[in-house]
Structures are given as C-alpha cells and as structure tokens.
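The structure appears below as structure tokens.
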Amino acid sequence: MNCPMSNPADLLTLIAQGESETVEFKRSVAELEQVVETIVALANTHGGLVLIGVGPKDEVVGVDVGQVTGERIANRITGNTDPVIYPSVQIVEVAGRKVFMIAVPESDNKPHLTAGRAFVRVGVTTVQMRRDEYERLLLLRRQSPFDRREALDATLEDIAEDKVRWYLARAARERNIPVDPALPTVENLKRLELARKRDGRLVLTVAALLFFGKQPRHFAPHSMIRLARFQGTTPSNFIDRLDLAGALPEMIDEAERFVLRNTRVAAKVSGFERREITEYPYAAVREAIANAVAHRDYDREDVGVRVSIFGDRIEVQSPGRLPAPLTLDTLGEEYALRNRVIAELLFNIRYIERWNTGILRMRQLMRQHGLPEPVFQEVGQTFRVTFTGPGEHILDLIPEAGVTDLRALGLNERQVQALALMVNEGKELSNRQYCDLFGVTYTTAFRDLSELVKTGQARKIGSGRASRYGA
C-alpha cells in the first residue's frame with residue numbers, strides 16, 4: 001500500500017471507486033470492533049486504508065471528533081491486536097466533513113490477531129483466516145528466509161563441481177564478478193555465502209543445493225517448473241507437457257526451449273531472403289519465467305511455477321503474492337525481494353535483471369513486437385503474468401508485403417514444430433529422429449522432410465542414411 005493520500009480530491013476519487021481489497025468504509029466510531037478486525041485483515045494481507053465517516057453507499061457522513069479522538073482509536077487498535085499493530089490515524093476533511101483515515105501497511109510480522117482470531121481480506125470482505133494459512137504464517141515468522149536456511153543433511157558430495165565452475169565463469173563474463181576458479185569448490189561456496197563452518201563441519205544453504213546440487217529436488221521437491229501446451233484457449237486437452245526438476249538455471253533454459261518449440265514462426269519471403277517473426281518476444285517470456293523462479297514463495301510446497309501455453313496467450317504463474325511493499329500499482333517503480341540470495345545469484349549470471357527493470361523490459365519488448373503489454377495479476381495466493389499473443393493474426397506482426405505463414409504453405413503441425421526446432425534451436429534432424437519425435441513411420445518422416453525442402457523452408461544435408469535436415 002502506498003503512502004496514505006491526504007488531498008481531499010484524491011480521497012473523494014478513492015471513495016467514489018468504492019470499497020476494495022485495500023479500502024474499507026465505516027459509518028461511525030460505533031463500529032470500532034469491526035474496524036480492528038479490518039485492520040488486522042489488512043495487515044495480514046496487503047495493507048490499506050480504513051475511512052471512518054463514510055457510509056455504505058460511498059457517501060461522506062463525517063464523524064464528531066469532539067466525542068472521540070484519533071489517540072483513542074489508536075489505543076483501541078494497539079490494545080486489541082497481537083502482535084501489536086501501530087497504524088497511522090489522521091483526521092482529514094472531505095466534502096466539508098471530518099473523516100478518520102487509518103493507514104495500515106502490510107506487516108512483515110504476520111499473522112496478527114484480535115480477540116484470539118486472525119483475519120484476511122478477500123475482495124471487499126474481511127474473513128477469518130484459514131487454520132492452515134495461519135499455521136504457515138506462524139512457521140514463517142520463526143524461520144529464516146527459505147534460500148538462507150541450512151540444509152543440515154547435505155554434504156559437499158551433493159554439490160556438482162562442474163555446475164559451480166560454469167556459474168563462476170558466466171558470472172565473471174556477464175557481470176565482471178571477480179572469481180578464482182583455482183580455489184576449491186568449498187571456498188567458492190563460502191565466498192558466495194552459500195556455505196559456512198559450524199561446529200567443525202561444513203553446512204550448506206538451500207540456495208547452494210538449488211543452484212549446484214546434483215539432485216536439488218531431494219532438498220526442495222517443490223522447486224520444479226510445470227509446463228504445458230494446451231489445445232485451444234482453455235486448459236482442457238494438452239498437446240505437450242513437461243515437468244522440470246534440476247538446478248534453477250538449467251530449468252529456466254529448458255523452460256525457454258519448451259516455449260520455443262510450442263509456439264509459432266511466421267515467415268516472410270523477400271527476394272532470396274527469408275525472414276521469420278516469432279509469435280512472442282521470447283526474451284520477455286524468459287524474463288517472466290526467471291522472475292517466477294527467483295521471486296516465488298518457496299514456503300508454499302503445494303504448487304510449483306507453472307507455464308501454460310494456449311492458442312492466444314502464455315501464462316506464467318508462481319506461488320505467492322507480491323512481496324511487501326510491492327503492489328500491482330507499483331510494479332516497475334518499487335523493488336522488493338522475497339528470496340534475496342536466489343535473486344542475487346541469478347542476477348550475477350544475467351538470468352534476471354533487478355525486478356523493476358525486468359518488469360519494464362517485458363513491457364517494452366511486447367510493445368516493440370507489436371503486442372499488448374503483459375498483464376500482471378494476483379490470483380488467490382499466486383502471481384500471474386499473461387502475455388497476449390497474436391492468435392490467428394500472427395502475420396500482422398510483419399505488415400510488409402510478401403509475407404507467408406508457414407501453415408499457408410500447406411505444412412502440417414509436425415512440420416511446423418520440426419521447422420521451429422531447426423530455426424529456433426539450430427537443430428539438424430535425421431529421418432530417424434523425426435520418427436522418434438513425432439511417433440510416425442519412416443515413410444511419413446521422409447515425406448514430411450522432403451516437403452520442407454521442396455517449399456524452401458529447410459535444406460537437406462548429406463545423402464543416404466546420413467541425410468539430415470536443417471534451416
């Protein structure tokens with residue numbers, strides 16, 4: 001929640017918009033018990049404002065400030081909340097009447113209670129918090145951030161030294177971070193603050209295992225990415241599906257490859273030169289996937305990061321709402337981290353930018369590609385980024401004359417996917433590989449690949465059994 005507004009015109013505009021997840025109206029100070037419940041709910045959710053002196057139909061009725069003071073309201077709140085909430089209570093004048101404005105920031109010491117009960121905001125209502133959510137928040141209060149916790153059952157044998165070497169080389173290349181590859185692995189882990197000595201033994205952090213572990217899922221089973229390409233625009237029938245488990249950089253790379261092979265390429269033929277346009281700016285989608293991995297709530301073990309590809313959009317969804325003080329309105333302006341160690345490690349190898357910069361970059365890339373800016377939403381206890389695609393109007397992304405859609409050439413879905421692998425990933429496919437990829441006979445593979453060559457979309461390399469096909 002941003003700083004409370006005190007401009008009467010701004011408050012009138014806010015009141016006219018009605019109650020919301022972050023705004024509650026109370027007619028009079030007689031409703032102080034409900035006010036305290038709402039304040040607890042706001043502190044436990046995303047923060048917000050309570051305005052006393054505004055009626056249920058958004059009319060400003062005002063309060064008699066001679067009968068009750070802001071100090072009395074503040075004392076009522078602090079005396080009936082646990083842990084104590086210290087709100088900002090102001091008297092403001094709106095439409096010629098006095099109104100109490102109570103500003104409540106989102107708390108970093110959740111869950112708060114009043115009269116032994118915890119509350120949250122759901123839409124425009126204040127409801128009692130579920131027991132499982134209460135217990136989860138209580139556990140979080142007592143623990144260190146997920147990525148800094150110690151994996152007490154892990155040893156140096158669980159670390160893949162080649163992953164450490166790869167990381168150090170890339171960090172030096174991408175961010176000029178000084179490294180010394182000649183040092184033992186354990187010393188480099190200490191320099192990265194991913195390992196420490198305790199009682200004479202080496203202790204690794206969870207972040208060390210997520211980046212360099214031989215089997216990261218052994219220590220964080222929920223750290224996976226689930227991907228699916230659905231038929232049409234609803235999550236009913238899927239065409240392709242993949243569950244990823246491994247080191248975080250590896251999963252981000254593999255997730256990008258999945259998106260590449262499950263989205264379309266349109267082609268423009270001009271003279272002897274062929275130009276392709278991708279369905280989406282892949283750098284923007286990759287940024288969203290990397291951000292989801294970096295900033296998700298790893299304490300939620302019931303769900304992982306999800307990437308869903310539909311005929312008209314791509315959705316990247318991660319567990320956890322925005323970390324305080326971020327809100328949907330301040331995305332791209334403010335900067336906050338839930339997993340500081342993970343984010344820093346990904347930043348070092350240029351897998352993510354600073355979050356506000358990354359958000360701005362996604363917006364810019366989509367605009368430059370001729371598509372709407374991504375849509376950012378909080379859905380329940382998750383955060384979702386939606387990239388709207390061109391649908392059947394992919395060729396509108398290249399308005400010049402002489403454009404040819406690959407499907408307009410009579411290519412089937414197998415051929416389009418094979419060409420996407422050739423163009424997007426530089427792969428060369430043999431007849432046997434084509435058979436294995438698409439589950440077809442050798443005759444069908446030969447016919448499909450020969451048609452790609454005939455239409456000028458692919459070329460044949462070699463001859464006989466050694467023949468391969470590439471872009």
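Each chain of the structure tokens is named A, B, ... in the order shown, its residues numbered from 1; ligands are numbered from 1 in display order.
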
Problem set entry | Who sits within 6 Å of segment 52-55 of chain A, only C-alpha atoms, same chain under 6 positions skipped, as a list in words |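 The residues that qualify are Phe25, Lys26, Arg27, Ser28, Val61, Gly62, Val63, Val99 and Phe100 of chain A.
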
Expected file contents, prior selection, N, CA and C atoms, as a CSV table (one decimal), in the first residue's frame:
```csv
chain,number,residue,atom,x,y,z
A,25,PHE,N,-14.8,1.1,4.3
A,25,PHE,CA,-15.5,2.3,4.8
A,25,PHE,C,-16.3,1.9,6.1
A,26,LYS,N,-16.3,2.7,7.1
A,26,LYS,CA,-17.2,2.5,8.3
A,26,LYS,C,-17.9,3.8,8.6
A,27,ARG,N,-19.2,3.7,8.9
A,27,ARG,CA,-20.0,4.9,9.0
A,27,ARG,C,-19.7,5.7,10.3
A,28,SER,N,-19.4,5.0,11.4
A,28,SER,CA,-19.2,5.7,12.6
A,28,SER,C,-18.2,5.0,13.5
A,61,VAL,N,-20.4,11.0,5.5
A,61,VAL,CA,-21.3,11.4,6.5
A,61,VAL,C,-20.6,12.1,7.6
A,62,GLY,N,-19.3,11.9,7.7
A,62,GLY,CA,-18.5,12.6,8.7
A,62,GLY,C,-18.6,12.0,10.1
A,63,VAL,N,-17.7,12.4,11.0
A,63,VAL,CA,-17.8,12.0,12.4
A,63,VAL,C,-17.6,13.2,13.3
A,99,VAL,N,-13.3,13.2,8.7
A,99,VAL,CA,-13.2,11.7,8.5
A,99,VAL,C,-12.0,11.2,9.1
A,100,PHE,N,-12.0,10.1,9.9
A,100,PHE,CA,-10.8,9.4,10.4
A,100,PHE,C,-10.3,8.6,9.3
```

Exercise. Got a sec: who's within 12 Å of segment 212-220 of chain A, counting only C-alpha atoms, leaving out chain neighbours fewer than 6 positions off, as a ChimeraX atom specification?
Worked result: /A:146-147,149-168,185-186,188-189,192,194-195,204-206,244-251,298-304,342,345

Now that the selection is made, can you save its residues with N, CA and C atoms as a compact mmCIF listing (two decimals), in the first residue's frame?
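New file part17.txt:
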```
# COMPACT_ATOMS: atom_id res chain seq x y z
N PHE A 146 13.72 -18.70 3.10
CA PHE A 146 13.90 -20.05 2.57
C PHE A 146 15.30 -20.27 2.01
N ASP A 147 15.77 -19.33 1.17
CA ASP A 147 17.04 -19.57 0.48
C ASP A 147 18.25 -19.47 1.40
N ARG A 149 18.19 -20.81 4.56
CA ARG A 149 18.14 -21.89 5.55
C ARG A 149 19.23 -22.93 5.30
N GLU A 150 19.60 -23.59 6.34
CA GLU A 150 20.67 -24.58 6.24
C GLU A 150 20.09 -25.95 5.92
N ALA A 151 20.69 -26.61 4.95
CA ALA A 151 20.31 -27.98 4.61
C ALA A 151 21.22 -28.91 5.42
N LEU A 152 20.79 -29.22 6.62
CA LEU A 152 21.66 -29.91 7.58
C LEU A 152 22.05 -31.32 7.15
N ASP A 153 21.23 -31.95 6.30
CA ASP A 153 21.56 -33.32 5.87
C ASP A 153 22.37 -33.34 4.58
N ALA A 154 22.76 -32.17 4.06
CA ALA A 154 23.54 -32.11 2.82
C ALA A 154 25.04 -32.07 3.13
N THR A 155 25.82 -32.62 2.21
CA THR A 155 27.27 -32.57 2.33
C THR A 155 27.85 -32.09 1.00
N LEU A 156 29.15 -31.92 0.97
CA LEU A 156 29.81 -31.46 -0.26
C LEU A 156 29.64 -32.46 -1.38
N GLU A 157 29.38 -33.72 -1.04
CA GLU A 157 29.14 -34.75 -2.07
C GLU A 157 27.88 -34.47 -2.87
N ASP A 158 26.98 -33.67 -2.31
CA ASP A 158 25.73 -33.34 -3.01
C ASP A 158 25.91 -32.21 -4.01
N ILE A 159 27.09 -31.59 -4.05
CA ILE A 159 27.36 -30.47 -4.95
C ILE A 159 28.05 -30.96 -6.21
N ALA A 160 27.57 -30.49 -7.38
CA ALA A 160 28.20 -30.82 -8.66
C ALA A 160 29.24 -29.74 -8.98
N GLU A 161 30.50 -30.11 -8.95
CA GLU A 161 31.56 -29.12 -9.13
C GLU A 161 31.52 -28.47 -10.51
N ASP A 162 31.07 -29.21 -11.54
CA ASP A 162 31.01 -28.62 -12.88
C ASP A 162 29.98 -27.49 -12.93
N LYS A 163 28.91 -27.60 -12.15
CA LYS A 163 27.92 -26.52 -12.10
C LYS A 163 28.50 -25.28 -11.45
N VAL A 164 29.32 -25.47 -10.43
CA VAL A 164 29.97 -24.33 -9.77
C VAL A 164 30.92 -23.64 -10.74
N ARG A 165 31.72 -24.43 -11.46
CA ARG A 165 32.68 -23.86 -12.41
C ARG A 165 31.97 -23.08 -13.51
N TRP A 166 30.89 -23.67 -14.03
CA TRP A 166 30.11 -23.00 -15.07
C TRP A 166 29.57 -21.66 -14.56
N TYR A 167 29.04 -21.66 -13.34
CA TYR A 167 28.47 -20.46 -12.76
C TYR A 167 29.52 -19.37 -12.60
N LEU A 168 30.66 -19.72 -12.05
CA LEU A 168 31.72 -18.74 -11.81
C LEU A 168 32.20 -18.12 -13.12
N THR A 185 36.17 -25.91 -4.48
CA THR A 185 34.73 -25.64 -4.56
C THR A 185 34.19 -25.09 -3.26
N VAL A 186 34.60 -25.66 -2.15
CA VAL A 186 34.07 -25.23 -0.86
C VAL A 186 34.41 -23.77 -0.58
N ASN A 188 34.84 -21.39 -2.85
CA ASN A 188 33.99 -20.56 -3.70
C ASN A 188 32.56 -20.50 -3.15
N LEU A 189 32.08 -21.59 -2.61
CA LEU A 189 30.74 -21.58 -2.00
C LEU A 189 30.72 -20.64 -0.79
N LEU A 192 30.49 -17.09 -1.95
CA LEU A 192 29.13 -16.78 -2.38
C LEU A 192 28.14 -16.78 -1.22
N LEU A 194 27.19 -19.29 0.54
CA LEU A 194 26.30 -20.45 0.41
C LEU A 194 26.75 -21.60 1.29
N ALA A 195 27.84 -21.43 1.99
CA ALA A 195 28.34 -22.47 2.89
C ALA A 195 29.09 -21.82 4.04
N LEU A 204 25.73 -26.39 4.28
CA LEU A 204 25.31 -25.77 3.02
C LEU A 204 23.93 -25.14 3.19
N THR A 205 23.68 -24.07 2.45
CA THR A 205 22.35 -23.47 2.45
C THR A 205 21.49 -24.12 1.39
N VAL A 206 20.18 -23.92 1.50
CA VAL A 206 19.26 -24.45 0.50
C VAL A 206 19.58 -23.86 -0.87
N LEU A 244 9.82 -30.09 -15.09
CA LEU A 244 11.26 -29.89 -14.96
C LEU A 244 11.70 -29.95 -13.52
N ALA A 245 12.81 -30.61 -13.29
CA ALA A 245 13.42 -30.66 -11.96
C ALA A 245 14.93 -30.63 -12.16
N GLY A 246 15.60 -29.74 -11.45
CA GLY A 246 17.04 -29.63 -11.59
C GLY A 246 17.51 -28.32 -11.02
N ALA A 247 18.75 -27.96 -11.33
CA ALA A 247 19.29 -26.68 -10.88
C ALA A 247 18.48 -25.55 -11.51
N LEU A 248 18.32 -24.44 -10.80
CA LEU A 248 17.45 -23.36 -11.27
C LEU A 248 17.84 -22.83 -12.64
N PRO A 249 19.13 -22.54 -12.92
CA PRO A 249 19.47 -22.05 -14.27
C PRO A 249 19.13 -23.07 -15.35
N GLU A 250 19.34 -24.34 -15.08
CA GLU A 250 19.04 -25.38 -16.06
C GLU A 250 17.55 -25.42 -16.37
N MET A 251 16.72 -25.30 -15.33
CA MET A 251 15.28 -25.34 -15.55
C MET A 251 14.81 -24.13 -16.36
N TYR A 298 8.76 -19.96 -1.82
CA TYR A 298 9.22 -21.35 -1.71
C TYR A 298 8.68 -22.04 -0.46
N ASP A 299 8.05 -21.30 0.43
CA ASP A 299 7.45 -21.95 1.59
C ASP A 299 6.11 -22.58 1.25
N ARG A 300 5.58 -22.27 0.09
CA ARG A 300 4.38 -22.96 -0.37
C ARG A 300 4.81 -24.23 -1.10
N GLU A 301 4.58 -25.35 -0.49
CA GLU A 301 5.06 -26.61 -1.04
C GLU A 301 3.99 -27.34 -1.83
N ASP A 302 2.79 -26.75 -1.95
CA ASP A 302 1.69 -27.44 -2.62
C ASP A 302 1.67 -27.19 -4.12
N VAL A 303 2.47 -26.25 -4.60
CA VAL A 303 2.40 -25.90 -6.02
C VAL A 303 3.75 -25.34 -6.46
N GLY A 304 4.07 -25.55 -7.74
CA GLY A 304 5.31 -25.03 -8.29
C GLY A 304 5.02 -23.93 -9.29
N ILE A 342 18.71 -16.09 -3.88
CA ILE A 342 18.41 -16.65 -5.20
C ILE A 342 18.42 -15.56 -6.25
N LEU A 345 22.00 -14.46 -7.03
CA LEU A 345 22.74 -15.47 -7.80
C LEU A 345 22.30 -15.47 -9.26
```

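Using only C-alpha atoms, the smallest distance between any of A:Arg414, A:Lys460, A:Leu397, A:Ala292 and Glu428 of chain A comes from A:Lys460.
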
Problem set entry | Atomic separation - atom CA of His112 of chain A relative to atom CA of Val40 of chain A, Å |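 Atom-to-atom, atom CA of Val40 of chain A to atom CA of His112 of chain A, that is 5.9 Å.
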
Spatial neighbours of segment 116-122 of chain A, max dist 6 Å, only C-alpha atoms, sep filter under 2 positions, as an mmCIF file with C-alpha atoms, in the first residue's frame:
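Contents of out.cif, as written:
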```cif
data_model
loop_
_atom_site.group_PDB
_atom_site.id
_atom_site.type_symbol
_atom_site.label_atom_id
_atom_site.label_comp_id
_atom_site.auth_asym_id
_atom_site.auth_seq_id
_atom_site.Cartn_x
_atom_site.Cartn_y
_atom_site.Cartn_z
ATOM 1 C CA GLU A 21 -9.348 -5.373 -1.038
ATOM 2 C CA ALA A 41 -7.033 -8.299 7.975
ATOM 3 C CA ASN A 44 -2.244 -9.786 7.253
ATOM 4 C CA THR A 45 -2.940 -9.235 3.548
ATOM 5 C CA HIS A 112 -1.851 -10.689 13.622
ATOM 6 C CA LEU A 113 -4.863 -11.490 15.798
ATOM 7 C CA THR A 114 -7.644 -9.683 17.594
ATOM 8 C CA THR A 125 -14.846 -8.502 2.797
ATOM 9 C CA THR A 126 -12.961 -9.345 5.983
ATOM 10 C CA VAL A 127 -12.986 -13.068 6.732
ATOM 11 C CA GLN A 128 -11.352 -15.286 9.334
ATOM 12 C CA MET A 129 -8.045 -16.759 8.220
#
```

For this session: Determine which residues of segment 159-323 of chain A receive a DSSP assignment of alpha helix (DSSP H), computed from the backbone, and state them as a ChimeraX atom specification.
Result: /A:161-175,185-191,206-212,248-261,282-295

Let me see the file: selected residues, C-alpha atoms, as a tab-separated table (two decimals), in the first residue's frame.
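Generated file (again.tsv):
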```
chain	number	residue	atom	x	y	z
A	161	GLU	CA	31.56	-29.12	-9.13
A	162	ASP	CA	31.01	-28.62	-12.88
A	163	LYS	CA	27.92	-26.52	-12.10
A	164	VAL	CA	29.97	-24.33	-9.77
A	165	ARG	CA	32.68	-23.86	-12.41
A	166	TRP	CA	30.11	-23.00	-15.07
A	167	TYR	CA	28.47	-20.46	-12.76
A	168	LEU	CA	31.72	-18.74	-11.81
A	169	ALA	CA	32.82	-18.45	-15.45
A	170	ARG	CA	29.48	-16.96	-16.51
A	171	ALA	CA	29.35	-14.54	-13.56
A	172	ALA	CA	32.81	-13.27	-14.48
A	173	ARG	CA	31.83	-12.89	-18.14
A	174	GLU	CA	28.40	-11.31	-17.65
A	175	ARG	CA	28.92	-9.04	-14.62
A	185	THR	CA	34.73	-25.64	-4.56
A	186	VAL	CA	34.07	-25.23	-0.86
A	187	GLU	CA	35.96	-21.92	-0.77
A	188	ASN	CA	33.99	-20.56	-3.70
A	189	LEU	CA	30.74	-21.58	-2.00
A	190	LYS	CA	31.86	-19.70	1.12
A	191	ARG	CA	32.66	-16.62	-0.98
A	206	VAL	CA	19.26	-24.45	0.50
A	207	ALA	CA	20.26	-21.95	-2.21
A	208	ALA	CA	23.54	-23.83	-2.72
A	209	LEU	CA	21.61	-27.02	-3.46
A	210	LEU	CA	19.11	-25.26	-5.75
A	211	PHE	CA	21.93	-23.91	-7.91
A	212	PHE	CA	24.67	-26.51	-7.68
A	248	LEU	CA	17.45	-23.36	-11.27
A	249	PRO	CA	19.47	-22.05	-14.27
A	250	GLU	CA	19.04	-25.38	-16.06
A	251	MET	CA	15.28	-25.34	-15.55
A	252	ILE	CA	15.00	-21.77	-16.86
A	253	ASP	CA	16.93	-22.72	-20.01
A	254	GLU	CA	14.84	-25.86	-20.58
A	255	ALA	CA	11.60	-23.97	-19.98
A	256	GLU	CA	12.59	-21.46	-22.66
A	257	ARG	CA	13.28	-24.30	-25.11
A	258	PHE	CA	9.82	-25.73	-24.39
A	259	VAL	CA	8.21	-22.38	-25.18
A	260	LEU	CA	10.24	-22.07	-28.38
A	261	ARG	CA	9.13	-25.42	-29.72
A	282	TYR	CA	10.94	-14.82	-26.25
A	283	ALA	CA	13.21	-12.63	-24.15
A	284	ALA	CA	10.11	-11.26	-22.38
A	285	VAL	CA	8.69	-14.72	-21.69
A	286	ARG	CA	12.07	-15.93	-20.44
A	287	GLU	CA	12.28	-12.92	-18.11
A	288	ALA	CA	8.88	-13.81	-16.65
A	289	ILE	CA	9.91	-17.45	-16.10
A	290	ALA	CA	13.21	-16.45	-14.49
A	291	ASN	CA	11.42	-13.92	-12.27
A	292	ALA	CA	8.90	-16.57	-11.23
A	293	VAL	CA	11.74	-18.87	-10.18
A	294	ALA	CA	13.56	-16.04	-8.37
A	295	HIS	CA	10.66	-14.43	-6.54
```

Exercise. From the set A:Asn431, A:Glu451, A:Leu331, A:Asn262, which residue has the shortest atom-to-atom contact distance to Gly464 of chain A, counting only C-alpha atoms?
Worked result: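 Looking at the shortest contact to Gly464 of chain A, the residue is A:Asn431.
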
For this session: May I have all residues of segment 108-262 of chain A that DSSP, computed from the backbone, assigns to strand (DSSP E or B), given as JSON, numbers by chain?
Result: {"A": [113, 114, 117, 119, 120, 121, 122, 125, 126, 127, 128, 150, 151, 159, 195, 196, 197, 198, 201, 202, 203, 204, 205, 213, 225, 226, 227, 228, 229, 230, 238, 239, 240, 241, 242, 243, 244]}

Would you save the residues from that selection as a JSON list (two decimals), in the first residue's frame, using N, CA and C atoms?
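Listed below is the output, result-v5.json:
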```json
[["chain", "number", "residue", "atom", "x", "y", "z"],
["A", 113, "LEU", "N", -3.57, -11.03, 15.29],
["A", 113, "LEU", "CA", -4.86, -11.49, 15.80],
["A", 113, "LEU", "C", -5.55, -10.36, 16.55],
["A", 114, "THR", "N", -6.86, -10.49, 16.67],
["A", 114, "THR", "CA", -7.64, -9.68, 17.59],
["A", 114, "THR", "C", -8.68, -10.60, 18.23],
["A", 117, "ARG", "N", -8.39, -14.22, 17.20],
["A", 117, "ARG", "CA", -8.68, -14.67, 15.84],
["A", 117, "ARG", "C", -7.89, -13.85, 14.82],
["A", 119, "PHE", "N", -7.58, -12.52, 10.79],
["A", 119, "PHE", "CA", -8.45, -12.20, 9.66],
["A", 119, "PHE", "C", -7.61, -11.84, 8.44],
["A", 120, "VAL", "N", -8.24, -11.99, 7.26],
["A", 120, "VAL", "CA", -7.62, -11.57, 5.99],
["A", 120, "VAL", "C", -8.68, -10.88, 5.15],
["A", 121, "ARG", "N", -8.22, -10.15, 4.13],
["A", 121, "ARG", "CA", -9.14, -9.53, 3.19],
["A", 121, "ARG", "C", -9.31, -10.44, 1.99],
["A", 122, "VAL", "N", -10.55, -10.68, 1.61],
["A", 122, "VAL", "CA", -10.88, -11.43, 0.39],
["A", 122, "VAL", "C", -11.85, -10.56, -0.39],
["A", 125, "THR", "N", -14.38, -8.02, 1.50],
["A", 125, "THR", "CA", -14.85, -8.50, 2.80],
["A", 125, "THR", "C", -13.67, -8.91, 3.68],
["A", 126, "THR", "N", -13.92, -8.88, 4.98],
["A", 126, "THR", "CA", -12.96, -9.35, 5.98],
["A", 126, "THR", "C", -13.44, -10.70, 6.49],
["A", 127, "VAL", "N", -12.60, -11.71, 6.34],
["A", 127, "VAL", "CA", -12.99, -13.07, 6.73],
["A", 127, "VAL", "C", -11.92, -13.65, 7.64],
["A", 128, "GLN", "N", -12.31, -14.65, 8.43],
["A", 128, "GLN", "CA", -11.35, -15.29, 9.33],
["A", 128, "GLN", "C", -10.36, -16.12, 8.53],
["A", 150, "GLU", "N", 19.60, -23.59, 6.34],
["A", 150, "GLU", "CA", 20.67, -24.58, 6.24],
["A", 150, "GLU", "C", 20.09, -25.95, 5.92],
["A", 151, "ALA", "N", 20.69, -26.61, 4.95],
["A", 151, "ALA", "CA", 20.31, -27.98, 4.61],
["A", 151, "ALA", "C", 21.22, -28.91, 5.42],
["A", 159, "ILE", "N", 27.09, -31.59, -4.05],
["A", 159, "ILE", "CA", 27.36, -30.47, -4.95],
["A", 159, "ILE", "C", 28.05, -30.96, -6.21],
["A", 195, "ALA", "N", 27.84, -21.43, 1.99],
["A", 195, "ALA", "CA", 28.34, -22.47, 2.89],
["A", 195, "ALA", "C", 29.09, -21.82, 4.04],
["A", 196, "ARG", "N", 29.08, -22.50, 5.18],
["A", 196, "ARG", "CA", 29.79, -21.97, 6.35],
["A", 196, "ARG", "C", 30.19, -23.14, 7.25],
["A", 197, "LYS", "N", 31.15, -22.89, 8.07],
["A", 197, "LYS", "CA", 31.57, -23.88, 9.06],
["A", 197, "LYS", "C", 30.76, -23.72, 10.34],
["A", 198, "ARG", "N", 30.25, -24.83, 10.85],
["A", 198, "ARG", "CA", 29.51, -24.80, 12.11],
["A", 198, "ARG", "C", 29.87, -26.05, 12.91],
["A", 201, "ARG", "N", 31.99, -28.65, 11.13],
["A", 201, "ARG", "CA", 31.53, -29.29, 9.88],
["A", 201, "ARG", "C", 30.99, -28.25, 8.92],
["A", 202, "LEU", "N", 31.02, -28.62, 7.63],
["A", 202, "LEU", "CA", 30.54, -27.71, 6.58],
["A", 202, "LEU", "C", 29.02, -27.79, 6.52],
["A", 203, "VAL", "N", 28.38, -26.63, 6.51],
["A", 203, "VAL", "CA", 26.93, -26.56, 6.39],
["A", 203, "VAL", "C", 26.59, -25.79, 5.12],
["A", 204, "LEU", "N", 25.73, -26.39, 4.28],
["A", 204, "LEU", "CA", 25.31, -25.77, 3.02],
["A", 204, "LEU", "C", 23.93, -25.14, 3.19],
["A", 205, "THR", "N", 23.68, -24.07, 2.45],
["A", 205, "THR", "CA", 22.35, -23.47, 2.45],
["A", 205, "THR", "C", 21.49, -24.12, 1.39],
["A", 213, "GLY", "N", 23.30, -28.29, -6.77],
["A", 213, "GLY", "CA", 23.07, -29.65, -6.29],
["A", 213, "GLY", "C", 22.98, -30.67, -7.42],
["A", 225, "ILE", "N", 9.37, -26.76, -12.22],
["A", 225, "ILE", "CA", 8.56, -25.96, -13.15],
["A", 225, "ILE", "C", 7.70, -26.92, -13.96],
["A", 226, "ARG", "N", 6.41, -26.66, -14.01],
["A", 226, "ARG", "CA", 5.49, -27.48, -14.82],
["A", 226, "ARG", "C", 5.09, -26.67, -16.05],
["A", 227, "LEU", "N", 5.24, -27.29, -17.22],
["A", 227, "LEU", "CA", 4.90, -26.61, -18.47],
["A", 227, "LEU", "C", 3.88, -27.43, -19.25],
["A", 228, "ALA", "N", 3.00, -26.74, -19.95],
["A", 228, "ALA", "CA", 2.01, -27.43, -20.78],
["A", 228, "ALA", "C", 1.63, -26.57, -21.97],
["A", 229, "ARG", "N", 1.47, -27.22, -23.10],
["A", 229, "ARG", "CA", 0.93, -26.56, -24.30],
["A", 229, "ARG", "C", -0.47, -27.13, -24.51],
["A", 230, "PHE", "N", -1.49, -26.27, -24.35],
["A", 230, "PHE", "CA", -2.86, -26.71, -24.44],
["A", 230, "PHE", "C", -3.43, -26.49, -25.84],
["A", 238, "PHE", "N", -4.16, -31.13, -23.50],
["A", 238, "PHE", "CA", -2.82, -30.62, -23.76],
["A", 238, "PHE", "C", -2.18, -31.36, -24.92],
["A", 239, "ILE", "N", -1.35, -30.62, -25.66],
["A", 239, "ILE", "CA", -0.62, -31.17, -26.80],
["A", 239, "ILE", "C", 0.76, -31.63, -26.38],
["A", 240, "ASP", "N", 1.36, -30.90, -25.47],
["A", 240, "ASP", "CA", 2.72, -31.22, -24.99],
["A", 240, "ASP", "C", 2.79, -30.84, -23.51],
["A", 241, "ARG", "N", 3.57, -31.59, -22.77],
["A", 241, "ARG", "CA", 3.69, -31.32, -21.34],
["A", 241, "ARG", "C", 5.08, -31.72, -20.87],
["A", 242, "LEU", "N", 5.60, -30.98, -19.88],
["A", 242, "LEU", "CA", 6.93, -31.27, -19.37],
["A", 242, "LEU", "C", 7.02, -30.80, -17.93],
["A", 243, "ASP", "N", 7.52, -31.67, -17.06],
["A", 243, "ASP", "CA", 7.82, -31.31, -15.67],
["A", 243, "ASP", "C", 9.33, -31.24, -15.51],
["A", 244, "LEU", "N", 9.82, -30.09, -15.09],
["A", 244, "LEU", "CA", 11.26, -29.89, -14.96],
["A", 244, "LEU", "C", 11.70, -29.95, -13.52]]
```
